[in-house]
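Asks: So that you have it, the file is structure38.txt, and it contains compact mmCIF, C-alpha atoms:
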```
# COMPACT_ATOMS: atom_id res chain seq x y z
CA MET A 1 -32.65 155.04 -8.88
CA GLU A 2 -31.88 152.52 -6.14
CA GLY A 3 -35.51 152.57 -4.99
CA ALA A 4 -36.77 151.87 -8.51
CA ALA A 5 -34.29 149.03 -8.91
CA LEU A 6 -35.29 147.49 -5.58
CA GLU A 7 -38.96 147.51 -6.51
CA LEU A 8 -38.27 145.89 -9.87
CA PHE A 9 -35.83 143.33 -8.46
CA ALA A 10 -38.35 142.35 -5.80
CA GLU A 11 -41.13 142.08 -8.39
CA HIS A 12 -39.30 140.37 -11.26
CA GLY A 13 -35.91 139.29 -9.97
CA VAL A 14 -32.56 140.66 -11.10
CA GLN A 15 -32.47 138.49 -14.23
CA GLY A 16 -36.00 139.52 -15.14
CA THR A 17 -35.21 143.23 -14.90
CA SER A 18 -33.30 145.17 -17.55
CA VAL A 19 -31.31 148.37 -17.20
CA ARG A 20 -33.93 150.01 -19.39
CA ASP A 21 -36.66 148.91 -16.99
CA ILE A 22 -34.80 150.52 -14.09
CA ALA A 23 -34.13 153.74 -16.00
CA GLU A 24 -37.76 154.04 -17.06
CA ARG A 25 -39.06 153.41 -13.52
CA ALA A 26 -36.59 155.92 -12.08
CA GLY A 27 -37.18 158.50 -14.80
CA VAL A 28 -33.52 158.69 -15.84
CA THR A 29 -31.46 157.63 -18.83
CA GLU A 30 -29.63 154.31 -18.99
CA GLY A 31 -26.40 156.27 -19.14
CA ALA A 32 -27.18 157.85 -15.78
CA LEU A 33 -27.32 154.42 -14.20
CA TYR A 34 -23.95 153.45 -15.64
CA ARG A 35 -22.42 156.64 -14.26
CA HIS A 36 -23.18 155.36 -10.77
CA PHE A 37 -22.80 151.60 -11.22
CA GLU A 38 -20.60 149.69 -13.59
CA SER A 39 -23.30 147.08 -14.22
CA LYS A 40 -26.74 145.88 -13.22
CA ASP A 41 -25.13 143.17 -11.11
CA ALA A 42 -23.05 145.76 -9.26
CA LEU A 43 -26.24 147.68 -8.50
CA ALA A 44 -27.92 144.49 -7.33
CA GLN A 45 -25.06 143.69 -4.96
CA THR A 46 -24.97 147.24 -3.60
CA LEU A 47 -28.69 147.11 -2.92
CA PHE A 48 -28.40 143.74 -1.22
CA GLU A 49 -25.67 144.95 1.10
CA ALA A 50 -27.63 148.09 1.94
CA CYS A 51 -30.77 146.10 2.75
CA ALA A 52 -28.80 143.56 4.79
CA ALA A 53 -27.11 146.34 6.76
CA GLU A 54 -30.46 148.00 7.49
CA PHE A 55 -31.98 144.68 8.61
CA THR A 56 -28.95 143.92 10.79
CA GLY A 57 -29.14 147.32 12.41
CA ILE A 58 -32.80 146.87 13.32
CA LEU A 59 -32.15 143.43 14.83
CA ASP A 60 -29.12 144.67 16.76
CA GLU A 61 -31.07 147.63 18.10
CA ALA A 62 -33.85 145.34 19.28
CA ALA A 63 -31.35 143.19 21.16
CA GLN A 64 -29.57 146.16 22.73
CA THR A 65 -32.58 148.19 23.86
CA VAL A 66 -34.56 145.49 25.69
CA GLU A 67 -34.80 146.33 29.40
CA ASP A 68 -34.35 142.74 30.53
CA GLY A 69 -30.84 141.89 29.36
CA THR A 70 -31.25 138.14 29.59
CA ALA A 71 -30.62 136.05 26.50
CA ARG A 72 -34.24 134.88 26.53
CA ALA A 73 -35.57 138.44 26.53
CA ARG A 74 -33.13 139.56 23.86
CA LEU A 75 -33.98 136.60 21.64
CA THR A 76 -37.68 137.33 22.00
CA ALA A 77 -37.09 140.98 21.08
CA VAL A 78 -35.05 140.06 18.01
CA VAL A 79 -37.65 137.56 16.79
CA ARG A 80 -40.32 140.25 17.13
CA ALA A 81 -38.11 142.72 15.25
CA PHE A 82 -37.61 140.15 12.48
CA PHE A 83 -41.34 139.93 11.83
CA ARG A 84 -41.84 143.69 12.12
CA TYR A 85 -39.16 144.26 9.51
CA ALA A 86 -40.66 141.68 7.16
CA GLN A 87 -44.03 143.41 7.44
CA ALA A 88 -42.89 147.05 7.30
CA HIS A 89 -40.13 146.63 4.70
CA THR A 90 -41.68 144.08 2.38
CA ALA A 91 -39.62 144.82 -0.74
CA GLU A 92 -36.33 144.89 1.19
CA TYR A 93 -37.13 141.69 3.07
CA GLN A 94 -38.19 139.82 -0.06
CA TYR A 95 -35.07 140.99 -1.86
CA ILE A 96 -32.84 139.75 0.95
CA MET A 97 -34.59 136.38 0.95
CA ALA A 98 -34.36 136.05 -2.82
CA ARG A 99 -30.67 136.99 -3.08
CA HIS A 100 -28.99 135.84 0.12
CA TYR A 101 -27.68 132.53 -1.24
CA GLY A 102 -25.65 134.24 -3.94
CA ASP A 103 -24.94 137.67 -2.45
CA LEU A 104 -24.05 136.94 1.18
CA PRO A 105 -20.78 135.21 0.21
CA LYS A 106 -19.77 138.32 -1.76
CA MET A 107 -20.01 140.58 1.28
CA ASP A 108 -17.03 141.61 3.37
CA PRO A 109 -16.43 138.68 5.76
CA LEU A 110 -16.03 141.16 8.62
CA ALA A 111 -19.33 142.93 7.94
CA ARG A 112 -22.15 142.14 10.34
CA LYS A 113 -25.03 140.26 8.81
CA PRO A 114 -28.61 139.74 10.01
CA LYS A 115 -27.86 136.27 11.36
CA ASP A 116 -25.14 137.67 13.64
CA ALA A 117 -27.72 139.20 15.96
CA PHE A 118 -29.06 135.70 16.60
CA VAL A 119 -25.62 134.11 16.84
CA ASP A 120 -24.51 136.61 19.49
CA ILE A 121 -27.56 135.95 21.65
CA VAL A 122 -27.24 132.16 21.42
CA ARG A 123 -23.55 132.41 22.30
CA ASP A 124 -24.30 134.65 25.28
CA GLY A 125 -27.13 132.38 26.40
CA THR A 126 -24.99 129.25 26.36
CA GLY A 127 -22.23 131.12 28.16
CA SER A 128 -24.54 132.33 30.93
CA GLY A 129 -26.22 128.96 31.33
CA GLU A 130 -29.63 130.15 30.14
CA PHE A 131 -29.40 128.01 27.01
CA ARG A 132 -28.13 124.48 26.60
CA GLU A 133 -24.78 123.84 24.98
CA VAL A 134 -25.21 124.24 21.24
CA ASP A 135 -23.10 125.63 18.41
CA PRO A 136 -24.17 129.31 18.22
CA GLU A 137 -24.36 129.16 14.43
CA LEU A 138 -26.57 126.07 14.59
CA GLY A 139 -28.77 127.58 17.29
CA ALA A 140 -29.15 130.75 15.23
CA ALA A 141 -29.99 128.72 12.13
CA MET A 142 -32.73 126.89 14.03
CA VAL A 143 -34.36 130.14 15.17
CA ILE A 144 -33.96 131.91 11.83
CA GLY A 145 -35.48 128.91 10.08
CA MET A 146 -38.58 129.17 12.27
CA CYS A 147 -38.85 132.88 11.51
CA VAL A 148 -38.36 132.58 7.76
CA ARG A 149 -40.71 129.67 7.18
CA SER A 150 -43.42 131.08 9.45
CA GLU A 151 -43.31 134.41 7.61
CA PHE A 152 -43.38 132.57 4.27
CA PHE A 153 -46.42 130.50 5.28
CA LYS A 154 -48.14 133.70 6.43
CA ASP A 155 -47.30 135.42 3.13
CA MET A 156 -48.71 132.44 1.20
CA GLY A 157 -51.97 132.66 3.15
CA LEU A 158 -51.43 129.31 4.91
CA ILE A 159 -51.48 130.88 8.38
CA GLU A 160 -54.41 133.10 9.31
CA ALA A 161 -53.14 134.44 12.63
CA PRO A 162 -51.94 138.07 12.75
CA LEU A 163 -48.21 138.50 12.33
CA GLY A 164 -47.86 139.71 15.91
CA GLU A 165 -49.31 136.46 17.24
CA ILE A 166 -47.06 134.45 14.95
CA ALA A 167 -44.03 136.34 16.24
CA GLU A 168 -44.96 135.54 19.84
CA GLU A 169 -45.44 131.85 19.06
CA VAL A 170 -42.12 131.64 17.25
CA ALA A 171 -40.34 133.49 20.07
CA ARG A 172 -41.71 131.05 22.64
CA ALA A 173 -40.74 128.08 20.48
CA ALA A 174 -37.24 129.48 19.93
CA VAL A 175 -36.62 129.97 23.63
CA ALA A 176 -37.99 126.50 24.38
CA ALA A 177 -35.79 124.92 21.72
CA LEU A 178 -32.67 126.44 23.27
CA ALA A 179 -33.63 126.11 26.93
CA ARG A 180 -31.20 124.27 29.15
CA GLU A 181 -33.91 122.04 30.61
CA GLN A 182 -35.18 119.94 27.73
CA ARG A 183 -38.20 117.72 28.41
CA THR A 184 -38.55 114.49 26.47
CA ALA A 185 -41.73 113.38 24.75
CA ALA A 186 -42.25 110.84 27.54
CA GLU A 187 -41.97 113.56 30.19
CA LEU A 188 -44.44 115.78 28.34
CA SER A 189 -46.84 112.85 28.00
CA GLN A 190 -46.52 112.07 31.71
CA GLN A 191 -47.25 115.70 32.57
CA TRP A 192 -50.34 115.67 30.35
CA ARG A 193 -51.59 112.43 31.88
CA GLY A 194 -51.08 113.82 35.35
CA GLY A 195 -53.07 116.91 34.45
CA ALA A 196 -55.84 114.77 32.95
CA ARG A 197 -56.09 112.66 36.11
CA GLU A 198 -56.24 115.78 38.27
CA GLU A 199 -58.98 117.22 36.08
CA ARG A 200 -61.07 114.04 36.41
CA SER A 201 -60.58 113.94 40.17
CA ASN A 202 -61.82 117.54 40.33
CA GLY A 203 -64.98 116.71 38.40
CA GLY A 204 -63.73 117.69 34.97
CA THR A 205 -64.26 115.82 31.70
CA GLN A 206 -64.45 112.06 31.97
CA ASP A 207 -63.38 111.02 28.48
CA CYS A 208 -59.66 111.92 28.54
CA PRO A 209 -57.56 108.85 27.74
CA ASP A 210 -55.56 107.41 30.62
```
Mind turning the file's structure into structure tokens?
Replies:
Amino acid sequence: MEGAALELFAEHGVQGTSVRDIAERAGVTEGALYRHFESKDALAQTLFEACAAEFTGILDEAAQTVEDGTARARLTAVVRAFFRYAQAHTAEYQYIMARHYGDLPKMDPLARKPKDAFVDIVRDGTGSGEFREVDPELGAAMVIGMCVRSEFFKDMGLIEAPLGEIAEEVARAAVAALAREQRTAAELSQQWRGGAREERSNGGTQDCPD
């Protein structure tokens, strides 16, 4: 029953799915659904919390099982796990994305949520000196935003690269964004110019701007 509801909610949204639709997809009567859940909304919330708990568990496991226990390595592992989950659990991921604005606030405040895996790593990284000083919630939001939008662009066909390559790019960008040593645009430009001069002096291309 829950599996049928998840498929329909992911396809049509909670408002676009009726109890009859769920019963027909699950092969049960409408009364059977009401014996387990007091309403469609109660079922929707239960499913959301179950999906969020599963997602959180996968992210936590990725952070805990990495051999290199540094914050950088753990963050990279969690970013990779994020994309793997989105690819392997499409309906669950889409449902979480579609419902998190309304359903997250209804969860037990003490329950771990997917974002907590990121928050913990950012907090540990700032504490150890690996990452610059930043509010852990803000740092987590920055990284999660990169993950969510990159996956969305991939899903929309705007990014052609395989998901594995996207995950690696996002992981590198996330670590760079939080790194203690932040290089300014001027410093990056100076580094590029220095590399261009060296290339010309070694007989490389002659048309790089100076």
Asks: Tell me which of A:Glu67, A:Glu169, A:Glu137, A:Glu130 sits closest to Glu151 in chain A, counting all atoms listed in the file.
Replies: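 Ranking A:Glu67, A:Glu169, A:Glu137, A:Glu130 by distance to Glu151 in chain A, first place goes to A:Glu169.
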Asks: Sorted by chain and rising residue number, which residues of range 138-192 of chain A lie within 12 Å of range 74-95 of chain A, and what are their closest atom pairs and distances in Å to one decimal, counting only C-alpha atoms, as JSON lines?
Replies:
```
{"residue": "A:Gly139", "atom": "CA", "partner": "A:Leu75", "partner_atom": "CA", "distance": 11.3}
{"residue": "A:Ala140", "atom": "CA", "partner": "A:Leu75", "partner_atom": "CA", "distance": 9.9}
{"residue": "A:Val143", "atom": "CA", "partner": "A:Val79", "partner_atom": "CA", "distance": 8.3}
{"residue": "A:Ile144", "atom": "CA", "partner": "A:Val79", "partner_atom": "CA", "distance": 8.4}
{"residue": "A:Gly145", "atom": "CA", "partner": "A:Val79", "partner_atom": "CA", "distance": 11.2}
{"residue": "A:Met146", "atom": "CA", "partner": "A:Val79", "partner_atom": "CA", "distance": 9.6}
{"residue": "A:Cys147", "atom": "CA", "partner": "A:Val79", "partner_atom": "CA", "distance": 7.2}
{"residue": "A:Val148", "atom": "CA", "partner": "A:Phe83", "partner_atom": "CA", "distance": 8.9}
{"residue": "A:Arg149", "atom": "CA", "partner": "A:Phe83", "partner_atom": "CA", "distance": 11.3}
{"residue": "A:Ser150", "atom": "CA", "partner": "A:Phe83", "partner_atom": "CA", "distance": 9.4}
{"residue": "A:Glu151", "atom": "CA", "partner": "A:Phe83", "partner_atom": "CA", "distance": 7.2}
{"residue": "A:Phe152", "atom": "CA", "partner": "A:Gln94", "partner_atom": "CA", "distance": 9.9}
{"residue": "A:Lys154", "atom": "CA", "partner": "A:Gln87", "partner_atom": "CA", "distance": 10.6}
{"residue": "A:Asp155", "atom": "CA", "partner": "A:Gln87", "partner_atom": "CA", "distance": 9.6}
{"residue": "A:Pro162", "atom": "CA", "partner": "A:Phe83", "partner_atom": "CA", "distance": 10.8}
{"residue": "A:Leu163", "atom": "CA", "partner": "A:Phe83", "partner_atom": "CA", "distance": 7.0}
{"residue": "A:Gly164", "atom": "CA", "partner": "A:Arg80", "partner_atom": "CA", "distance": 7.7}
{"residue": "A:Glu165", "atom": "CA", "partner": "A:Arg80", "partner_atom": "CA", "distance": 9.8}
{"residue": "A:Ile166", "atom": "CA", "partner": "A:Phe83", "partner_atom": "CA", "distance": 8.5}
{"residue": "A:Ala167", "atom": "CA", "partner": "A:Arg80", "partner_atom": "CA", "distance": 5.5}
{"residue": "A:Glu168", "atom": "CA", "partner": "A:Arg80", "partner_atom": "CA", "distance": 7.1}
{"residue": "A:Glu169", "atom": "CA", "partner": "A:Val79", "partner_atom": "CA", "distance": 9.9}
{"residue": "A:Val170", "atom": "CA", "partner": "A:Val79", "partner_atom": "CA", "distance": 7.4}
{"residue": "A:Ala171", "atom": "CA", "partner": "A:Thr76", "partner_atom": "CA", "distance": 5.1}
{"residue": "A:Arg172", "atom": "CA", "partner": "A:Thr76", "partner_atom": "CA", "distance": 7.5}
{"residue": "A:Ala173", "atom": "CA", "partner": "A:Thr76", "partner_atom": "CA", "distance": 9.9}
{"residue": "A:Ala174", "atom": "CA", "partner": "A:Leu75", "partner_atom": "CA", "distance": 8.0}
{"residue": "A:Val175", "atom": "CA", "partner": "A:Leu75", "partner_atom": "CA", "distance": 7.4}
{"residue": "A:Ala176", "atom": "CA", "partner": "A:Thr76", "partner_atom": "CA", "distance": 11.1}
{"residue": "A:Ala177", "atom": "CA", "partner": "A:Leu75", "partner_atom": "CA", "distance": 11.8}
{"residue": "A:Leu178", "atom": "CA", "partner": "A:Leu75", "partner_atom": "CA", "distance": 10.4}
{"residue": "A:Ala179", "atom": "CA", "partner": "A:Leu75", "partner_atom": "CA", "distance": 11.8}
```
Asks: What does the distance from CA of Tyr34 in chain A to CA of Asp21 in chain A come to in Å, to one decimal?
Replies: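 A separation of 13.6 Å between them.
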Asks: Go ahead and compute the interatomic distance for CA of Lys106 in chain A and CA of Cys51 in chain A, in Å to one decimal.
Replies: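 So the answer is 14.2 Å.
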Asks: Select, from A:Ala32, A:Val66, A:Ala71, A:Leu8, the residue with the minimum atom-to-atom distance to Phe131 in chain A, counting only C-alpha atoms.
Replies: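 Comparing A:Ala32, A:Val66, A:Ala71, A:Leu8 against Phe131 in chain A, the winner is A:Ala71.
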Asks: Counting all atoms listed in the file, which of A:Arg180, A:Met1, A:Arg123, A:Ala44 gets nearest to Ala23 in chain A?
Replies: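 Ranked by minimum distance to Ala23 in chain A, first place goes to A:Met1.
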Asks: Using Å and a single decimal, report how far CA of Gln64 in chain A sits from CA of Leu6 in chain A.
Replies: 28.9 Å
Asks: Determine the nearest neighbour of Ile58 in chain A from the options A:Asp116, A:Glu181, A:Asp135, A:Glu30, counting only C-alpha atoms.
Replies: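 Smallest separation from Ile58 in chain A among the options: A:Asp116.
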Asks: Between A:Arg35, A:Arg112, A:Lys40, A:Ala50, single out the one closest to Gln15 in chain A, counting only C-alpha atoms.
Replies: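 Smallest distance to Gln15 in chain A is found for A:Lys40.
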Asks: Could you complete range 155-166 of chain A so that it carries N, CA and C atoms, and give it back as a PDB file, in the coordinates of the input?
Replies:
```pdb
ATOM      1  N   ASP A 155     -47.249 134.702   4.411  1.00  0.00           N
ATOM      2  CA  ASP A 155     -47.300 135.420   3.130  1.00  0.00           C
ATOM      3  C   ASP A 155     -48.076 134.620   2.086  1.00  0.00           C
ATOM      4  N   MET A 156     -48.009 133.296   2.160  1.00  0.00           N
ATOM      5  CA  MET A 156     -48.710 132.440   1.200  1.00  0.00           C
ATOM      6  C   MET A 156     -50.175 132.228   1.583  1.00  0.00           C
ATOM      7  N   GLY A 157     -50.592 132.793   2.731  1.00  0.00           N
ATOM      8  CA  GLY A 157     -51.970 132.660   3.150  1.00  0.00           C
ATOM      9  C   GLY A 157     -52.275 131.338   3.845  1.00  0.00           C
ATOM     10  N   LEU A 158     -51.229 130.603   4.250  1.00  0.00           N
ATOM     11  CA  LEU A 158     -51.430 129.310   4.910  1.00  0.00           C
ATOM     12  C   LEU A 158     -51.651 129.457   6.411  1.00  0.00           C
ATOM     13  N   ILE A 159     -51.272 130.590   6.967  1.00  0.00           N
ATOM     14  CA  ILE A 159     -51.480 130.880   8.380  1.00  0.00           C
ATOM     15  C   ILE A 159     -52.374 132.108   8.472  1.00  0.00           C
ATOM     16  N   GLU A 160     -53.461 132.001   9.221  1.00  0.00           N
ATOM     17  CA  GLU A 160     -54.410 133.100   9.310  1.00  0.00           C
ATOM     18  C   GLU A 160     -54.130 134.050  10.461  1.00  0.00           C
ATOM     19  N   ALA A 161     -53.385 133.607  11.448  1.00  0.00           N
ATOM     20  CA  ALA A 161     -53.140 134.440  12.630  1.00  0.00           C
ATOM     21  C   ALA A 161     -52.417 135.725  12.269  1.00  0.00           C
ATOM     22  N   PRO A 162     -52.669 136.819  12.989  1.00  0.00           N
ATOM     23  CA  PRO A 162     -51.940 138.070  12.750  1.00  0.00           C
ATOM     24  C   PRO A 162     -50.437 137.858  12.954  1.00  0.00           C
ATOM     25  N   LEU A 163     -49.652 138.669  12.277  1.00  0.00           N
ATOM     26  CA  LEU A 163     -48.210 138.500  12.330  1.00  0.00           C
ATOM     27  C   LEU A 163     -47.673 138.654  13.754  1.00  0.00           C
ATOM     28  N   GLY A 164     -48.299 139.535  14.538  1.00  0.00           N
ATOM     29  CA  GLY A 164     -47.860 139.710  15.910  1.00  0.00           C
ATOM     30  C   GLY A 164     -48.003 138.436  16.731  1.00  0.00           C
ATOM     31  N   GLU A 165     -49.117 137.721  16.525  1.00  0.00           N
ATOM     32  CA  GLU A 165     -49.310 136.460  17.240  1.00  0.00           C
ATOM     33  C   GLU A 165     -48.314 135.405  16.779  1.00  0.00           C
ATOM     34  N   ILE A 166     -48.036 135.403  15.490  1.00  0.00           N
ATOM     35  CA  ILE A 166     -47.060 134.450  14.950  1.00  0.00           C
ATOM     36  C   ILE A 166     -45.688 134.710  15.569  1.00  0.00           C
TER      37      ILE A 166
END
```
